[in-house]
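> Got a structure for you, written out below as structure tokens; questions coming shortly.
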Amino acid sequence: MIDLRLLREDPDRVRASQRARGEDVALVDSLLSADERRRSSGVRFDELRAEQKSLGKLIPKAAGDEKAELLKQASQLAADVKTADAERDAADAETHELLLRLGNLVHPDVPVGGEEDFVTLETQGTIRDFGAEGFEPKDHLELGQLLGAIDVERGAKVSGSRFYFLTGVGALLELALVNAAIAQATAAGFTPMLTPALVRPQSMAGTGFLGQAAQDVYHLDKDDLYLVGTSEVPLAAYHMDEIIDADKLPLRYAGFSPCFRREAGSHGKDTKGIFRVHQFDKVEMFSYVSPGDSEAEHQRLLEWEKQWLTSLELPFRVIDVATGDLGASAARKFDCEAWIPTQGKYRELTSTSDCTEFQSRRLSIRVREGKQVRPLATLNGTLCAVPRTIVAILENHQQADGSVRVPEVLRPYLGGREVLEPVTK
């Protein structure tokens, strides 16, 4: 959530952020009104309580008619205090509820617009000319079936659409990717983490996933637990309700977890293969830093993502995501999109978001800097979303006979194997 003091001091900035996101601007005025009621009812409650205490000191000293009158006033005051307390609680609850609906303030440099209004910051790598090489590239599903690596038919039989099995070298390729990603993250100073896949509502809400993203979240009604769509959620909630000394920052974690997404708004999109699925594994980077260091940390996370994709020898571009596609928690987001040959376009493989103080305020995570205690900044960045990375590797490193060249960085984790060979021709 944003700072209420900032809202009061500069409501136009918050309105502009909401407008850029394509969100409800009227929410700002509703929140200002609720906050004013919360503050005034709090003052009213404090005044009545002070009057009640003063009157309470007079009653023991009074007698006769004077005491009866004071007791009558005390009774009325007690009722007024109770009413004021209820009004304060109601205004406080309304303010909190409205505040949770407000997205993070967008960074001033973020391009304004919808999903297609991003700005390309750079491109890296060379897109292969398969025509010049003399063959038509196969898509990842055909390659996966040739290699005995992907089985979507049995995935659908067992679990339904958008589920799959990774088999044989497909399973080994996932393990290689995860181990290589964790090795890179560990070398960069991240603490490896295996995180829970089920979290409580306060963890999910605290990271901002029960607002606009709620339709994509799986909820277990009987247990009131949520399946995470990313290990960002448990990593963000890891230090919930804690105060961290400034000299311990930055704290960096690399979480590996299964991820579950309903993909509720993706009907008809990427229905073939394993690019968009309901369950997948992912290595996620997560940072806690001082607020003044969040922009620099955002660039560092992006560089680690670029390092990873470069090591996989994938052509990719970096985009500055537009305001309407940020997600509630992010003030700014960069995506790295790999080239997918059979689609003829770049597709998102990694994403990194600067959430500034938005999540830490919701989760009550603060930093102690001298005598000052204040919310810190949180950031997240995908290092390896496994299925999409497998898609990119298979399609970009395929050879004419259906085999796939293994990027050098993965070979130590595949027993030195340089090529994945078809098991069926």
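Labels for the structure tokens follow display order: chains A, B, ..., residues from 1 in each chain, ligands from 1.
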As a VMD selection string, please: every residue in range 33-177 of chain A that DSSP puts in helix (DSSP H, G or I).
chain A and resid 33 to 61 64 to 100 130 to 133 140 to 146 152 to 159 169 to 177
> In terms of the shortest atom-to-atom distance over only C-alpha atoms, which of A:Val406, A:Cys336, A:Met285, A:Leu363 is closest to Lys306 in chain A?
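Of the candidates, the smallest distance to Lys306 in chain A is held by A:Cys336.
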> Among range 149-323 of chain A, which residues does DSSP mark as strand (DSSP E) when it is run on the backbone? Keep the chain and numbering as in the structure and answer as an mmCIF file with all heavy atoms, in the first residue's frame.

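What ended up in part.cif:
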data_model
loop_
_atom_site.group_PDB
_atom_site.id
_atom_site.type_symbol
_atom_site.label_atom_id
_atom_site.label_comp_id
_atom_site.auth_asym_id
_atom_site.auth_seq_id
_atom_site.Cartn_x
_atom_site.Cartn_y
_atom_site.Cartn_z
ATOM 1 N N ILE A 150 8.407 -34.266 -23.704
ATOM 2 C CA ILE A 150 7.165 -33.596 -23.305
ATOM 3 C C ILE A 150 5.982 -34.471 -23.685
ATOM 4 O O ILE A 150 5.911 -34.973 -24.811
ATOM 5 C CB ILE A 150 7.032 -32.223 -24.007
ATOM 6 C CG1 ILE A 150 8.222 -31.316 -23.675
ATOM 7 C CG2 ILE A 150 5.730 -31.543 -23.609
ATOM 8 C CD1 ILE A 150 8.263 -30.038 -24.502
ATOM 9 N N ASP A 151 5.055 -34.631 -22.743
ATOM 10 C CA ASP A 151 3.840 -35.408 -23.015
ATOM 11 C C ASP A 151 2.640 -34.600 -22.519
ATOM 12 O O ASP A 151 2.333 -34.587 -21.318
ATOM 13 C CB ASP A 151 3.906 -36.772 -22.310
ATOM 14 C CG ASP A 151 2.804 -37.730 -22.758
ATOM 15 O OD1 ASP A 151 1.750 -37.244 -23.214
ATOM 16 O OD2 ASP A 151 2.993 -38.947 -22.636
ATOM 17 N N PHE A 165 3.432 -33.598 -18.742
ATOM 18 C CA PHE A 165 4.519 -34.346 -18.135
ATOM 19 C C PHE A 165 5.826 -33.945 -18.824
ATOM 20 O O PHE A 165 5.862 -33.810 -20.049
ATOM 21 C CB PHE A 165 4.332 -35.861 -18.321
ATOM 22 C CG PHE A 165 3.306 -36.491 -17.427
ATOM 23 C CD1 PHE A 165 1.961 -36.514 -17.795
ATOM 24 C CD2 PHE A 165 3.674 -37.070 -16.218
ATOM 25 C CE1 PHE A 165 1.012 -37.106 -16.984
ATOM 26 C CE2 PHE A 165 2.722 -37.669 -15.398
ATOM 27 C CZ PHE A 165 1.390 -37.691 -15.781
ATOM 28 N N LEU A 166 6.880 -33.748 -18.062
ATOM 29 C CA LEU A 166 8.232 -33.710 -18.610
ATOM 30 C C LEU A 166 8.822 -35.094 -18.397
ATOM 31 O O LEU A 166 8.858 -35.583 -17.266
ATOM 32 C CB LEU A 166 9.091 -32.649 -17.927
ATOM 33 C CG LEU A 166 8.709 -31.190 -18.185
ATOM 34 C CD1 LEU A 166 9.655 -30.251 -17.448
ATOM 35 C CD2 LEU A 166 8.710 -30.872 -19.677
ATOM 36 N N THR A 191 20.746 -16.247 -1.169
ATOM 37 C CA THR A 191 20.568 -17.418 -0.321
ATOM 38 C C THR A 191 19.522 -18.324 -0.960
ATOM 39 O O THR A 191 18.380 -17.893 -1.159
ATOM 40 C CB THR A 191 20.088 -17.016 1.084
ATOM 41 O OG1 THR A 191 21.060 -16.156 1.692
ATOM 42 C CG2 THR A 191 19.875 -18.241 1.956
ATOM 43 N N PRO A 192 19.871 -19.565 -1.304
ATOM 44 C CA PRO A 192 18.877 -20.463 -1.903
ATOM 45 C C PRO A 192 17.773 -20.799 -0.910
ATOM 46 O O PRO A 192 18.038 -20.998 0.285
ATOM 47 C CB PRO A 192 19.685 -21.713 -2.264
ATOM 48 C CG PRO A 192 21.112 -21.314 -2.179
ATOM 49 C CD PRO A 192 21.192 -20.208 -1.186
ATOM 50 N N MET A 193 16.544 -20.863 -1.387
ATOM 51 C CA MET A 193 15.387 -21.132 -0.535
ATOM 52 C C MET A 193 14.449 -22.107 -1.234
ATOM 53 O O MET A 193 14.159 -21.949 -2.426
ATOM 54 C CB MET A 193 14.623 -19.843 -0.244
ATOM 55 C CG MET A 193 15.440 -18.737 0.384
ATOM 56 S SD MET A 193 15.567 -18.900 2.167
ATOM 57 C CE MET A 193 14.035 -18.123 2.683
ATOM 58 N N LEU A 194 13.951 -23.097 -0.505
ATOM 59 C CA LEU A 194 12.835 -23.925 -0.944
ATOM 60 C C LEU A 194 11.637 -23.471 -0.135
ATOM 61 O O LEU A 194 11.642 -23.564 1.096
ATOM 62 C CB LEU A 194 13.124 -25.410 -0.714
ATOM 63 C CG LEU A 194 14.310 -25.979 -1.499
ATOM 64 C CD1 LEU A 194 14.530 -27.449 -1.139
ATOM 65 C CD2 LEU A 194 14.080 -25.849 -2.996
ATOM 66 N N LEU A 198 1.840 -23.377 -0.318
ATOM 67 C CA LEU A 198 0.568 -22.940 0.256
ATOM 68 C C LEU A 198 0.829 -21.826 1.259
ATOM 69 O O LEU A 198 1.723 -21.942 2.102
ATOM 70 C CB LEU A 198 -0.139 -24.106 0.955
ATOM 71 C CG LEU A 198 -0.721 -25.199 0.054
ATOM 72 C CD1 LEU A 198 -1.083 -26.421 0.885
ATOM 73 C CD2 LEU A 198 -1.949 -24.691 -0.683
ATOM 74 N N VAL A 199 0.057 -20.745 1.166
ATOM 75 C CA VAL A 199 0.245 -19.616 2.080
ATOM 76 C C VAL A 199 -1.100 -19.136 2.619
ATOM 77 O O VAL A 199 -2.144 -19.374 2.019
ATOM 78 C CB VAL A 199 0.970 -18.433 1.388
ATOM 79 C CG1 VAL A 199 2.370 -18.833 0.945
ATOM 80 C CG2 VAL A 199 0.158 -17.910 0.211
ATOM 81 N N TYR A 218 -5.409 -19.896 -7.186
ATOM 82 C CA TYR A 218 -6.129 -21.067 -6.679
ATOM 83 C C TYR A 218 -6.305 -20.945 -5.162
ATOM 84 O O TYR A 218 -5.337 -20.705 -4.441
ATOM 85 C CB TYR A 218 -5.357 -22.353 -6.977
ATOM 86 C CG TYR A 218 -5.406 -22.812 -8.414
ATOM 87 C CD1 TYR A 218 -4.334 -22.595 -9.270
ATOM 88 C CD2 TYR A 218 -6.518 -23.496 -8.911
ATOM 89 C CE1 TYR A 218 -4.365 -23.028 -10.586
ATOM 90 C CE2 TYR A 218 -6.562 -23.935 -10.220
ATOM 91 C CZ TYR A 218 -5.487 -23.702 -11.055
ATOM 92 O OH TYR A 218 -5.519 -24.129 -12.356
ATOM 93 N N HIS A 219 -7.557 -21.130 -4.695
ATOM 94 C CA HIS A 219 -7.857 -21.020 -3.271
ATOM 95 C C HIS A 219 -8.438 -22.325 -2.759
ATOM 96 O O HIS A 219 -9.330 -22.909 -3.383
ATOM 97 C CB HIS A 219 -8.862 -19.880 -3.035
ATOM 98 C CG HIS A 219 -9.199 -19.668 -1.598
ATOM 99 N ND1 HIS A 219 -10.498 -19.560 -1.136
ATOM 100 C CD2 HIS A 219 -8.403 -19.562 -0.509
ATOM 101 C CE1 HIS A 219 -10.481 -19.380 0.179
ATOM 102 N NE2 HIS A 219 -9.219 -19.376 0.585
ATOM 103 N N LEU A 220 -7.917 -22.812 -1.630
ATOM 104 C CA LEU A 220 -8.428 -24.015 -0.989
ATOM 105 C C LEU A 220 -9.405 -23.578 0.099
ATOM 106 O O LEU A 220 -8.990 -23.189 1.198
ATOM 107 C CB LEU A 220 -7.289 -24.847 -0.391
ATOM 108 C CG LEU A 220 -6.493 -25.741 -1.361
ATOM 109 C CD1 LEU A 220 -5.732 -24.893 -2.378
ATOM 110 C CD2 LEU A 220 -5.524 -26.631 -0.596
ATOM 111 N N LEU A 225 -6.357 -21.515 2.461
ATOM 112 C CA LEU A 225 -4.970 -21.365 2.028
ATOM 113 C C LEU A 225 -4.956 -21.147 0.515
ATOM 114 O O LEU A 225 -5.860 -21.572 -0.193
ATOM 115 C CB LEU A 225 -4.149 -22.606 2.373
ATOM 116 C CG LEU A 225 -3.893 -22.885 3.859
ATOM 117 C CD1 LEU A 225 -3.240 -24.247 4.031
ATOM 118 C CD2 LEU A 225 -3.014 -21.794 4.477
ATOM 119 N N TYR A 226 -3.910 -20.487 0.054
ATOM 120 C CA TYR A 226 -3.763 -20.210 -1.373
ATOM 121 C C TYR A 226 -2.544 -20.923 -1.933
ATOM 122 O O TYR A 226 -1.493 -20.990 -1.277
ATOM 123 C CB TYR A 226 -3.595 -18.708 -1.605
ATOM 124 C CG TYR A 226 -4.847 -17.906 -1.354
ATOM 125 C CD1 TYR A 226 -5.133 -17.396 -0.086
ATOM 126 C CD2 TYR A 226 -5.746 -17.648 -2.380
ATOM 127 C CE1 TYR A 226 -6.277 -16.649 0.148
ATOM 128 C CE2 TYR A 226 -6.899 -16.897 -2.161
ATOM 129 C CZ TYR A 226 -7.152 -16.407 -0.898
ATOM 130 O OH TYR A 226 -8.290 -15.673 -0.680
ATOM 131 N N LEU A 227 -2.687 -21.452 -3.158
ATOM 132 C CA LEU A 227 -1.539 -21.970 -3.886
ATOM 133 C C LEU A 227 -0.817 -20.789 -4.529
ATOM 134 O O LEU A 227 -1.443 -19.959 -5.192
ATOM 135 C CB LEU A 227 -1.990 -22.955 -4.969
ATOM 136 C CG LEU A 227 -2.383 -24.356 -4.491
ATOM 137 C CD1 LEU A 227 -3.138 -25.095 -5.595
ATOM 138 C CD2 LEU A 227 -1.143 -25.150 -4.100
ATOM 139 N N ILE A 243 11.324 -6.199 12.072
ATOM 140 C CA ILE A 243 12.156 -5.012 11.886
ATOM 141 C C ILE A 243 13.574 -5.505 11.625
ATOM 142 O O ILE A 243 14.141 -6.249 12.426
ATOM 143 C CB ILE A 243 12.122 -4.078 13.109
ATOM 144 C CG1 ILE A 243 10.690 -3.566 13.354
ATOM 145 C CG2 ILE A 243 13.076 -2.904 12.913
ATOM 146 C CD1 ILE A 243 10.550 -2.746 14.627
ATOM 147 N N ILE A 244 14.155 -5.086 10.507
ATOM 148 C CA ILE A 244 15.476 -5.544 10.090
ATOM 149 C C ILE A 244 16.463 -4.395 10.228
ATOM 150 O O ILE A 244 16.187 -3.266 9.797
ATOM 151 C CB ILE A 244 15.428 -6.035 8.626
ATOM 152 C CG1 ILE A 244 14.438 -7.196 8.488
ATOM 153 C CG2 ILE A 244 16.811 -6.451 8.134
ATOM 154 C CD1 ILE A 244 14.119 -7.573 7.060
ATOM 155 N N ASP A 245 17.593 -4.665 10.852
ATOM 156 C CA ASP A 245 18.623 -3.635 10.981
ATOM 157 C C ASP A 245 19.205 -3.295 9.612
ATOM 158 O O ASP A 245 19.444 -4.188 8.784
ATOM 159 C CB ASP A 245 19.739 -4.101 11.910
ATOM 160 C CG ASP A 245 19.287 -4.164 13.366
ATOM 161 O OD1 ASP A 245 18.401 -3.376 13.746
ATOM 162 O OD2 ASP A 245 19.811 -5.009 14.120
ATOM 163 N N LEU A 251 19.136 -7.992 1.729
ATOM 164 C CA LEU A 251 18.884 -9.424 1.889
ATOM 165 C C LEU A 251 18.391 -9.948 0.550
ATOM 166 O O LEU A 251 17.445 -9.402 -0.029
ATOM 167 C CB LEU A 251 17.822 -9.669 2.966
ATOM 168 C CG LEU A 251 18.223 -9.386 4.412
ATOM 169 C CD1 LEU A 251 17.004 -9.489 5.324
ATOM 170 C CD2 LEU A 251 19.317 -10.363 4.869
ATOM 171 N N ARG A 252 19.048 -10.992 0.043
ATOM 172 C CA ARG A 252 18.690 -11.526 -1.281
ATOM 173 C C ARG A 252 18.448 -13.027 -1.176
ATOM 174 O O ARG A 252 19.287 -13.774 -0.655
ATOM 175 C CB ARG A 252 19.797 -11.244 -2.293
ATOM 176 C CG ARG A 252 20.063 -9.766 -2.545
ATOM 177 C CD ARG A 252 21.048 -9.559 -3.679
ATOM 178 N NE ARG A 252 21.269 -8.144 -3.959
ATOM 179 C CZ ARG A 252 22.428 -7.507 -3.742
ATOM 180 N NH1 ARG A 252 23.462 -8.182 -3.258
ATOM 181 N NH2 ARG A 252 22.539 -6.230 -4.041
ATOM 182 N N TYR A 253 17.301 -13.453 -1.679
ATOM 183 C CA TYR A 253 16.920 -14.863 -1.643
ATOM 184 C C TYR A 253 16.598 -15.353 -3.057
ATOM 185 O O TYR A 253 16.035 -14.616 -3.864
ATOM 186 C CB TYR A 253 15.690 -15.062 -0.751
ATOM 187 C CG TYR A 253 15.878 -14.593 0.672
ATOM 188 C CD1 TYR A 253 15.164 -13.497 1.171
ATOM 189 C CD2 TYR A 253 16.777 -15.227 1.529
ATOM 190 C CE1 TYR A 253 15.333 -13.060 2.477
ATOM 191 C CE2 TYR A 253 16.953 -14.794 2.839
ATOM 192 C CZ TYR A 253 16.236 -13.713 3.300
ATOM 193 O OH TYR A 253 16.412 -13.276 4.590
ATOM 194 N N ALA A 254 16.959 -16.598 -3.323
ATOM 195 C CA ALA A 254 16.602 -17.243 -4.589
ATOM 196 C C ALA A 254 15.705 -18.430 -4.249
ATOM 197 O O ALA A 254 16.170 -19.446 -3.727
ATOM 198 C CB ALA A 254 17.842 -17.701 -5.341
ATOM 199 N N GLY A 255 14.416 -18.277 -4.530
ATOM 200 C CA GLY A 255 13.447 -19.307 -4.154
ATOM 201 C C GLY A 255 13.115 -20.222 -5.318
ATOM 202 O O GLY A 255 12.917 -19.767 -6.446
ATOM 203 N N PHE A 256 13.070 -21.524 -5.032
ATOM 204 C CA PHE A 256 12.608 -22.503 -6.022
ATOM 205 C C PHE A 256 11.301 -23.084 -5.520
ATOM 206 O O PHE A 256 11.196 -23.512 -4.361
ATOM 207 C CB PHE A 256 13.636 -23.622 -6.204
ATOM 208 C CG PHE A 256 13.124 -24.756 -7.063
ATOM 209 C CD1 PHE A 256 12.829 -24.551 -8.401
ATOM 210 C CD2 PHE A 256 12.914 -26.016 -6.524
ATOM 211 C CE1 PHE A 256 12.347 -25.582 -9.193
ATOM 212 C CE2 PHE A 256 12.433 -27.060 -7.306
ATOM 213 C CZ PHE A 256 12.142 -26.842 -8.640
ATOM 214 N N SER A 257 10.286 -23.085 -6.388
ATOM 215 C CA SER A 257 8.982 -23.594 -5.962
ATOM 216 C C SER A 257 8.144 -23.971 -7.170
ATOM 217 O O SER A 257 8.373 -23.485 -8.277
ATOM 218 C CB SER A 257 8.224 -22.535 -5.148
ATOM 219 O OG SER A 257 7.670 -21.554 -6.019
ATOM 220 N N PRO A 258 7.136 -24.828 -6.943
ATOM 221 C CA PRO A 258 6.095 -24.975 -7.955
ATOM 222 C C PRO A 258 5.225 -23.723 -7.938
ATOM 223 O O PRO A 258 5.108 -23.045 -6.910
ATOM 224 C CB PRO A 258 5.308 -26.205 -7.476
ATOM 225 C CG PRO A 258 5.520 -26.230 -6.000
ATOM 226 C CD PRO A 258 6.893 -25.672 -5.766
ATOM 227 N N CYS A 259 4.640 -23.399 -9.079
ATOM 228 C CA CYS A 259 3.790 -22.215 -9.209
ATOM 229 C C CYS A 259 2.474 -22.636 -9.856
ATOM 230 O O CYS A 259 2.469 -23.466 -10.776
ATOM 231 C CB CYS A 259 4.466 -21.154 -10.072
ATOM 232 S SG CYS A 259 6.122 -20.690 -9.508
ATOM 233 N N PHE A 260 1.375 -22.074 -9.384
ATOM 234 C CA PHE A 260 0.048 -22.479 -9.852
ATOM 235 C C PHE A 260 -0.735 -21.254 -10.305
ATOM 236 O O PHE A 260 -0.883 -20.300 -9.540
ATOM 237 C CB PHE A 260 -0.713 -23.199 -8.739
ATOM 238 C CG PHE A 260 0.017 -24.398 -8.187
ATOM 239 C CD1 PHE A 260 0.927 -24.251 -7.145
ATOM 240 C CD2 PHE A 260 -0.192 -25.663 -8.720
ATOM 241 C CE1 PHE A 260 1.610 -25.350 -6.639
ATOM 242 C CE2 PHE A 260 0.495 -26.764 -8.222
ATOM 243 C CZ PHE A 260 1.392 -26.614 -7.183
ATOM 244 N N GLN A 279 0.526 -25.228 -13.997
ATOM 245 C CA GLN A 279 1.519 -25.568 -12.973
ATOM 246 C C GLN A 279 2.895 -25.618 -13.617
ATOM 247 O O GLN A 279 3.082 -26.221 -14.671
ATOM 248 C CB GLN A 279 1.197 -26.923 -12.332
ATOM 249 C CG GLN A 279 2.231 -27.357 -11.295
ATOM 250 C CD GLN A 279 1.956 -28.749 -10.738
ATOM 251 O OE1 GLN A 279 0.848 -29.259 -10.836
ATOM 252 N NE2 GLN A 279 2.964 -29.360 -10.155
ATOM 253 N N PHE A 280 3.854 -24.961 -12.968
ATOM 254 C CA PHE A 280 5.230 -25.002 -13.467
ATOM 255 C C PHE A 280 6.178 -24.692 -12.313
ATOM 256 O O PHE A 280 5.748 -24.251 -11.243
ATOM 257 C CB PHE A 280 5.426 -23.983 -14.606
ATOM 258 C CG PHE A 280 5.168 -22.553 -14.212
ATOM 259 C CD1 PHE A 280 6.208 -21.716 -13.837
ATOM 260 C CD2 PHE A 280 3.875 -22.031 -14.228
ATOM 261 C CE1 PHE A 280 5.973 -20.395 -13.479
ATOM 262 C CE2 PHE A 280 3.628 -20.706 -13.874
ATOM 263 C CZ PHE A 280 4.681 -19.890 -13.500
ATOM 264 N N ASP A 281 7.446 -24.945 -12.549
ATOM 265 C CA ASP A 281 8.468 -24.668 -11.537
ATOM 266 C C ASP A 281 9.262 -23.433 -11.940
ATOM 267 O O ASP A 281 9.434 -23.134 -13.123
ATOM 268 C CB ASP A 281 9.407 -25.867 -11.376
ATOM 269 C CG ASP A 281 8.686 -27.094 -10.820
ATOM 270 O OD1 ASP A 281 7.770 -26.905 -9.996
ATOM 271 O OD2 ASP A 281 9.045 -28.216 -11.216
ATOM 272 N N LYS A 282 9.766 -22.739 -10.936
ATOM 273 C CA LYS A 282 10.442 -21.466 -11.214
ATOM 274 C C LYS A 282 11.480 -21.166 -10.152
ATOM 275 O O LYS A 282 11.297 -21.457 -8.965
ATOM 276 C CB LYS A 282 9.398 -20.332 -11.274
ATOM 277 C CG LYS A 282 9.968 -18.949 -11.554
ATOM 278 C CD LYS A 282 8.916 -18.015 -12.151
ATOM 279 C CE LYS A 282 7.808 -17.675 -11.180
ATOM 280 N NZ LYS A 282 8.179 -16.520 -10.348
ATOM 281 N N VAL A 283 12.575 -20.550 -10.586
ATOM 282 C CA VAL A 283 13.563 -19.976 -9.672
ATOM 283 C C VAL A 283 13.359 -18.469 -9.685
ATOM 284 O O VAL A 283 13.408 -17.836 -10.745
ATOM 285 C CB VAL A 283 15.002 -20.318 -10.096
ATOM 286 C CG1 VAL A 283 15.999 -19.639 -9.148
ATOM 287 C CG2 VAL A 283 15.221 -21.830 -10.090
ATOM 288 N N GLU A 284 13.103 -17.908 -8.512
ATOM 289 C CA GLU A 284 12.753 -16.492 -8.378
ATOM 290 C C GLU A 284 13.755 -15.785 -7.478
ATOM 291 O O GLU A 284 14.094 -16.273 -6.387
ATOM 292 C CB GLU A 284 11.349 -16.365 -7.776
ATOM 293 C CG GLU A 284 10.853 -14.954 -7.576
ATOM 294 C CD GLU A 284 10.250 -14.361 -8.840
ATOM 295 O OE1 GLU A 284 10.206 -15.060 -9.870
ATOM 296 O OE2 GLU A 284 9.844 -13.184 -8.796
ATOM 297 N N MET A 285 14.232 -14.629 -7.923
ATOM 298 C CA MET A 285 15.087 -13.791 -7.083
ATOM 299 C C MET A 285 14.220 -12.797 -6.305
ATOM 300 O O MET A 285 13.253 -12.274 -6.846
ATOM 301 C CB MET A 285 16.095 -13.024 -7.945
ATOM 302 C CG MET A 285 17.029 -13.897 -8.757
ATOM 303 S SD MET A 285 18.171 -12.925 -9.800
ATOM 304 C CE MET A 285 17.032 -12.246 -11.032
ATOM 305 N N PHE A 286 14.604 -12.543 -5.057
ATOM 306 C CA PHE A 286 13.845 -11.591 -4.241
ATOM 307 C C PHE A 286 14.816 -10.807 -3.374
ATOM 308 O O PHE A 286 15.708 -11.387 -2.744
ATOM 309 C CB PHE A 286 12.825 -12.303 -3.364
ATOM 310 C CG PHE A 286 11.772 -11.382 -2.815
ATOM 311 C CD1 PHE A 286 10.603 -11.135 -3.520
ATOM 312 C CD2 PHE A 286 11.951 -10.729 -1.604
ATOM 313 C CE1 PHE A 286 9.640 -10.262 -3.040
ATOM 314 C CE2 PHE A 286 10.996 -9.858 -1.106
ATOM 315 C CZ PHE A 286 9.828 -9.626 -1.825
ATOM 316 N N SER A 287 14.629 -9.484 -3.336
ATOM 317 C CA SER A 287 15.538 -8.602 -2.598
ATOM 318 C C SER A 287 14.794 -7.708 -1.622
ATOM 319 O O SER A 287 13.713 -7.189 -1.942
ATOM 320 C CB SER A 287 16.331 -7.715 -3.564
ATOM 321 O OG SER A 287 17.112 -8.469 -4.445
ATOM 322 N N TYR A 288 15.396 -7.540 -0.446
ATOM 323 C CA TYR A 288 14.974 -6.520 0.514
ATOM 324 C C TYR A 288 16.105 -5.492 0.577
ATOM 325 O O TYR A 288 17.257 -5.845 0.864
ATOM 326 C CB TYR A 288 14.790 -7.097 1.916
ATOM 327 C CG TYR A 288 13.701 -8.128 2.089
ATOM 328 C CD1 TYR A 288 13.933 -9.474 1.808
ATOM 329 C CD2 TYR A 288 12.455 -7.766 2.587
ATOM 330 C CE1 TYR A 288 12.944 -10.429 2.003
ATOM 331 C CE2 TYR A 288 11.463 -8.708 2.791
ATOM 332 C CZ TYR A 288 11.713 -10.043 2.498
ATOM 333 O OH TYR A 288 10.728 -10.981 2.697
ATOM 334 N N VAL A 289 15.786 -4.224 0.314
ATOM 335 C CA VAL A 289 16.812 -3.185 0.319
ATOM 336 C C VAL A 289 16.271 -1.923 0.973
ATOM 337 O O VAL A 289 15.066 -1.766 1.166
ATOM 338 C CB VAL A 289 17.287 -2.851 -1.124
ATOM 339 C CG1 VAL A 289 17.839 -4.078 -1.824
ATOM 340 C CG2 VAL A 289 16.160 -2.234 -1.950
ATOM 341 N N PHE A 316 17.296 -12.256 -27.241
ATOM 342 C CA PHE A 316 16.216 -11.687 -26.431
ATOM 343 C C PHE A 316 16.237 -10.173 -26.507
ATOM 344 O O PHE A 316 17.207 -9.561 -26.958
ATOM 345 C CB PHE A 316 16.323 -12.155 -24.972
ATOM 346 C CG PHE A 316 17.539 -11.644 -24.231
ATOM 347 C CD1 PHE A 316 17.483 -10.478 -23.473
ATOM 348 C CD2 PHE A 316 18.747 -12.337 -24.280
ATOM 349 C CE1 PHE A 316 18.593 -10.003 -22.783
ATOM 350 C CE2 PHE A 316 19.868 -11.878 -23.597
ATOM 351 C CZ PHE A 316 19.796 -10.714 -22.848
ATOM 352 N N ARG A 317 15.134 -9.577 -26.049
ATOM 353 C CA ARG A 317 15.059 -8.131 -25.922
ATOM 354 C C ARG A 317 14.594 -7.786 -24.514
ATOM 355 O O ARG A 317 13.965 -8.599 -23.826
ATOM 356 C CB ARG A 317 14.111 -7.535 -26.959
ATOM 357 C CG ARG A 317 12.643 -7.830 -26.734
ATOM 358 C CD ARG A 317 11.764 -7.202 -27.801
ATOM 359 N NE ARG A 317 10.336 -7.509 -27.575
ATOM 360 C CZ ARG A 317 9.372 -7.172 -28.419
ATOM 361 N NH1 ARG A 317 9.663 -6.536 -29.555
ATOM 362 N NH2 ARG A 317 8.101 -7.466 -28.148
ATOM 363 N N VAL A 318 14.889 -6.556 -24.094
ATOM 364 C CA VAL A 318 14.456 -6.046 -22.785
ATOM 365 C C VAL A 318 13.446 -4.938 -23.033
ATOM 366 O O VAL A 318 13.712 -4.023 -23.816
ATOM 367 C CB VAL A 318 15.640 -5.504 -21.971
ATOM 368 C CG1 VAL A 318 15.156 -4.971 -20.620
ATOM 369 C CG2 VAL A 318 16.709 -6.579 -21.779
ATOM 370 N N ILE A 319 12.295 -5.029 -22.380
ATOM 371 C CA ILE A 319 11.277 -3.994 -22.546
ATOM 372 C C ILE A 319 10.942 -3.346 -21.206
ATOM 373 O O ILE A 319 11.029 -3.974 -20.145
ATOM 374 C CB ILE A 319 9.986 -4.541 -23.195
ATOM 375 C CG1 ILE A 319 9.269 -5.534 -22.267
ATOM 376 C CG2 ILE A 319 10.296 -5.184 -24.546
ATOM 377 C CD1 ILE A 319 7.867 -5.917 -22.762
ATOM 378 N N ASP A 320 10.596 -2.069 -21.290
ATOM 379 C CA ASP A 320 10.091 -1.302 -20.152
ATOM 380 C C ASP A 320 8.569 -1.402 -20.237
ATOM 381 O O ASP A 320 7.951 -0.837 -21.151
ATOM 382 C CB ASP A 320 10.557 0.146 -20.279
ATOM 383 C CG ASP A 320 10.485 0.930 -18.983
ATOM 384 O OD1 ASP A 320 9.861 0.426 -18.031
ATOM 385 O OD2 ASP A 320 11.032 2.046 -18.937
#
> For a quick check of understanding, using only C-alpha atoms, which of A:Pro11, A:Gly113, A:Gly168, A:Gly229 has the smallest distance to Ser33 in chain A?
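Counting only C-alpha atoms, the residue closest to Ser33 in chain A is A:Pro11.
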> For CA of Ala246 in chain A and CA of Thr378 in chain A, determine how far apart the two atoms are, in Å to one decimal place.
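Calculated distance between CA of Ala246 in chain A and CA of Thr378 in chain A is 13.8 Å.
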> Given only C-alpha atoms as the basis, pick out the residue of A:Ile365, A:Ala180, A:Val14, A:Ala171 nearest to Tyr238 in chain A.
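Ranking A:Ile365, A:Ala180, A:Val14, A:Ala171 by distance to Tyr238 in chain A, first place goes to A:Ile365.
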> Hey, what's within 10 Å of Gln145 in chain A if we count only C-alpha atoms and toss same-chain stuff fewer than 4 positions away? As a list in words, please?
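Neighbouring residues, sequence-local ones excluded: His140, Leu141, Ala149, Ile150, Asp151, Val152, Thr167, Gly170, Gly402, Pro422, Val423, Thr424 and Lys425 of chain A.
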> What's the 7 Å shell around Val419 in chain A, counting only C-alpha atoms, without same-chain residues fewer than 5 positions away, as an MDAnalysis selection string?
chainID A and resid 403:406
